[in-house]
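One structure below.
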Amino acid sequence: MKKGLILILMVVFSIILLGCKSRIKALDAIDISLYDVLYEADDYTLYLVKEVSEVQFTVGIVVETLEDETCYLGITQQNAYIVLYNEKYYSLKSGVDLGLFHTDDLIDQGVLFQCHDNK
């Protein structure tokens, strides 16, 4: 009975992990000549678009859910910030999901956020 339960738990856990991994998708058709390097780490590089569009989305983009505050990207142009990892380009949200960095790391690396307490 215990072996069966352990096997079922392992299968469920594997499915959950595969489901999380499948959410992470590389960005298509990125013209890297439109970007400047913002920060270089050992395993990834952050880029910022050279020319920020004057027309900004009115919806803030949250990269990571935090306990005490909500931080929105200061530049809300889609793909204004991207990350190069394993020779593919990803959104900042995908970079967090991959475990490359957290919001605090990104702030330290020059990514513009507007943070507000959740109180």
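Letters A, B, ... go to the chains of the structure tokens in the order shown; residues in each chain start at 1; ligands are counted from 1 in the same order.
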Among region 14-114 of chain A, which residues carry a DSSP assignment of helix (DSSP H, G or I), reported as an MDAnalysis selection string? chainID A and resid 14:23 32:34 92:97 103:108
Write out, as a CSV table (one decimal), in the first residue's frame, the residues just selected, with N, CA and C atoms.
```
chain,number,residue,atom,x,y,z
A,14,SER,N,5.8,14.7,-10.7
A,14,SER,CA,6.4,14.8,-12.0
A,14,SER,C,5.5,15.5,-13.0
A,15,ILE,N,4.3,15.3,-12.9
A,15,ILE,CA,3.3,16.0,-13.8
A,15,ILE,C,3.3,17.5,-13.5
A,16,ILE,N,3.3,17.8,-12.2
A,16,ILE,CA,3.3,19.2,-11.8
A,16,ILE,C,4.6,19.9,-12.3
A,17,LEU,N,5.7,19.3,-12.1
A,17,LEU,CA,7.0,19.8,-12.6
A,17,LEU,C,7.0,20.0,-14.1
A,18,LEU,N,6.5,19.0,-14.8
A,18,LEU,CA,6.5,19.2,-16.3
A,18,LEU,C,5.6,20.3,-16.7
A,19,GLY,N,4.4,20.5,-16.0
A,19,GLY,CA,3.5,21.5,-16.3
A,19,GLY,C,4.1,22.9,-16.1
A,20,CYS,N,4.9,23.1,-15.0
A,20,CYS,CA,5.6,24.3,-14.7
A,20,CYS,C,6.6,24.6,-15.8
A,21,LYS,N,7.4,23.6,-16.2
A,21,LYS,CA,8.4,23.8,-17.2
A,21,LYS,C,7.8,24.2,-18.6
A,22,SER,N,6.6,23.6,-18.9
A,22,SER,CA,6.1,23.9,-20.2
A,22,SER,C,5.6,25.3,-20.3
A,23,ARG,N,5.4,26.0,-19.2
A,23,ARG,CA,5.0,27.5,-19.3
A,23,ARG,C,6.1,28.3,-19.8
A,32,ILE,N,17.8,41.4,-31.9
A,32,ILE,CA,18.7,41.8,-30.8
A,32,ILE,C,19.4,43.1,-31.1
A,33,SER,N,19.5,43.5,-32.4
A,33,SER,CA,20.1,44.8,-32.7
A,33,SER,C,19.3,46.0,-32.2
A,34,LEU,N,18.1,45.7,-31.8
A,34,LEU,CA,17.2,46.8,-31.2
A,34,LEU,C,17.5,46.9,-29.7
A,92,LEU,N,11.3,38.4,-18.7
A,92,LEU,CA,11.8,38.5,-17.3
A,92,LEU,C,11.0,37.5,-16.5
A,93,LYS,N,9.7,37.4,-16.7
A,93,LYS,CA,8.9,36.4,-16.0
A,93,LYS,C,9.4,35.0,-16.1
A,94,SER,N,9.8,34.6,-17.3
A,94,SER,CA,10.3,33.3,-17.6
A,94,SER,C,11.7,33.1,-16.9
A,95,GLY,N,12.5,34.2,-16.8
A,95,GLY,CA,13.8,34.2,-16.1
A,95,GLY,C,13.6,33.9,-14.7
A,96,VAL,N,12.5,34.5,-14.0
A,96,VAL,CA,12.2,34.2,-12.7
A,96,VAL,C,11.8,32.7,-12.5
A,97,ASP,N,10.9,32.2,-13.4
A,97,ASP,CA,10.5,30.9,-13.4
A,97,ASP,C,11.6,29.9,-13.6
A,103,THR,N,13.0,39.5,-8.3
A,103,THR,CA,12.8,41.0,-8.5
A,103,THR,C,13.9,41.8,-7.9
A,104,ASP,N,14.3,41.5,-6.6
A,104,ASP,CA,15.3,42.3,-6.0
A,104,ASP,C,16.6,42.2,-6.8
A,105,ASP,N,17.0,41.1,-7.3
A,105,ASP,CA,18.2,41.0,-8.2
A,105,ASP,C,18.1,41.9,-9.4
A,106,LEU,N,16.9,41.9,-10.0
A,106,LEU,CA,16.7,42.7,-11.2
A,106,LEU,C,16.8,44.2,-10.9
A,107,ILE,N,16.2,44.6,-9.7
A,107,ILE,CA,16.4,46.0,-9.3
A,107,ILE,C,17.8,46.4,-9.2
A,108,ASP,N,18.6,45.5,-8.5
A,108,ASP,CA,20.0,45.7,-8.3
A,108,ASP,C,20.8,45.8,-9.7
```
Taking 5 positions as the minimum chain separation for residues in the same chain, which residues sit within 12 Å of Val52 (chain A) when counting only C-alpha atoms? Answer as number ranges by chain. A: 34-36, 57, 74-81
Atoms kept (N, CA and C atoms) for selection, written as a PDB file, in the first residue's frame:
```
ATOM      1  N   LEU A  34      18.070  45.740 -31.760  1.00  0.00           N
ATOM      2  CA  LEU A  34      17.237  46.787 -31.171  1.00  0.00           C
ATOM      3  C   LEU A  34      17.452  46.928 -29.666  1.00  0.00           C
ATOM      4  N   TYR A  35      18.366  46.119 -29.099  1.00  0.00           N
ATOM      5  CA  TYR A  35      18.589  46.070 -27.655  1.00  0.00           C
ATOM      6  C   TYR A  35      20.033  46.397 -27.296  1.00  0.00           C
ATOM      7  N   ASP A  36      20.196  46.931 -26.077  1.00  0.00           N
ATOM      8  CA  ASP A  36      21.512  47.132 -25.467  1.00  0.00           C
ATOM      9  C   ASP A  36      21.633  46.194 -24.280  1.00  0.00           C
ATOM     10  N   PHE A  57       1.683  50.599 -22.500  1.00  0.00           N
ATOM     11  CA  PHE A  57       0.478  49.913 -22.045  1.00  0.00           C
ATOM     12  C   PHE A  57       0.043  50.509 -20.713  1.00  0.00           C
ATOM     13  N   GLY A  74       8.710  49.397 -14.644  1.00  0.00           N
ATOM     14  CA  GLY A  74       8.580  50.822 -14.914  1.00  0.00           C
ATOM     15  C   GLY A  74       8.319  51.087 -16.385  1.00  0.00           C
ATOM     16  N   ILE A  75       8.902  50.274 -17.237  1.00  0.00           N
ATOM     17  CA  ILE A  75       8.644  50.354 -18.679  1.00  0.00           C
ATOM     18  C   ILE A  75       7.712  49.204 -19.005  1.00  0.00           C
ATOM     19  N   THR A  76       6.530  49.516 -19.464  1.00  0.00           N
ATOM     20  CA  THR A  76       5.542  48.464 -19.688  1.00  0.00           C
ATOM     21  C   THR A  76       5.416  48.061 -21.152  1.00  0.00           C
ATOM     22  N   GLN A  77       6.328  48.505 -21.970  1.00  0.00           N
ATOM     23  CA  GLN A  77       6.352  48.065 -23.365  1.00  0.00           C
ATOM     24  C   GLN A  77       6.676  46.571 -23.374  1.00  0.00           C
ATOM     25  N   GLN A  78       5.907  45.808 -24.098  1.00  0.00           N
ATOM     26  CA  GLN A  78       6.132  44.366 -24.142  1.00  0.00           C
ATOM     27  C   GLN A  78       7.545  44.060 -24.628  1.00  0.00           C
ATOM     28  N   ASN A  79       8.220  43.184 -23.904  1.00  0.00           N
ATOM     29  CA  ASN A  79       9.588  42.755 -24.218  1.00  0.00           C
ATOM     30  C   ASN A  79      10.596  43.903 -24.233  1.00  0.00           C
ATOM     31  N   ALA A  80      10.348  44.935 -23.429  1.00  0.00           N
ATOM     32  CA  ALA A  80      11.343  46.000 -23.294  1.00  0.00           C
ATOM     33  C   ALA A  80      12.602  45.446 -22.651  1.00  0.00           C
ATOM     34  N   TYR A  81      12.412  44.522 -21.700  1.00  0.00           N
ATOM     35  CA  TYR A  81      13.522  43.807 -21.085  1.00  0.00           C
ATOM     36  C   TYR A  81      13.429  42.347 -21.505  1.00  0.00           C
TER      37      TYR A  81
END
```
Coordinates-based distance that separates CA of Gly60 (chain A) from CA of Tyr72 (chain A) (Å, one decimal):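 These two atoms are separated by 5.3 Å.
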I'd like the neighbourhood of Gly110 (chain A) as an MDAnalysis selection string, where a residue qualifies if any of its atoms comes within 10 Å (using only C-alpha atoms), though same-chain residues fewer than 5 positions away should be ignored. chainID A and resid 38:39 46 48 105
For Lys119 (chain A), please output as an NGL selection string all residues within 12 Å (counting only C-alpha atoms; exclusion window: fewer than 6 positions along the same chain). :A and (67-70)
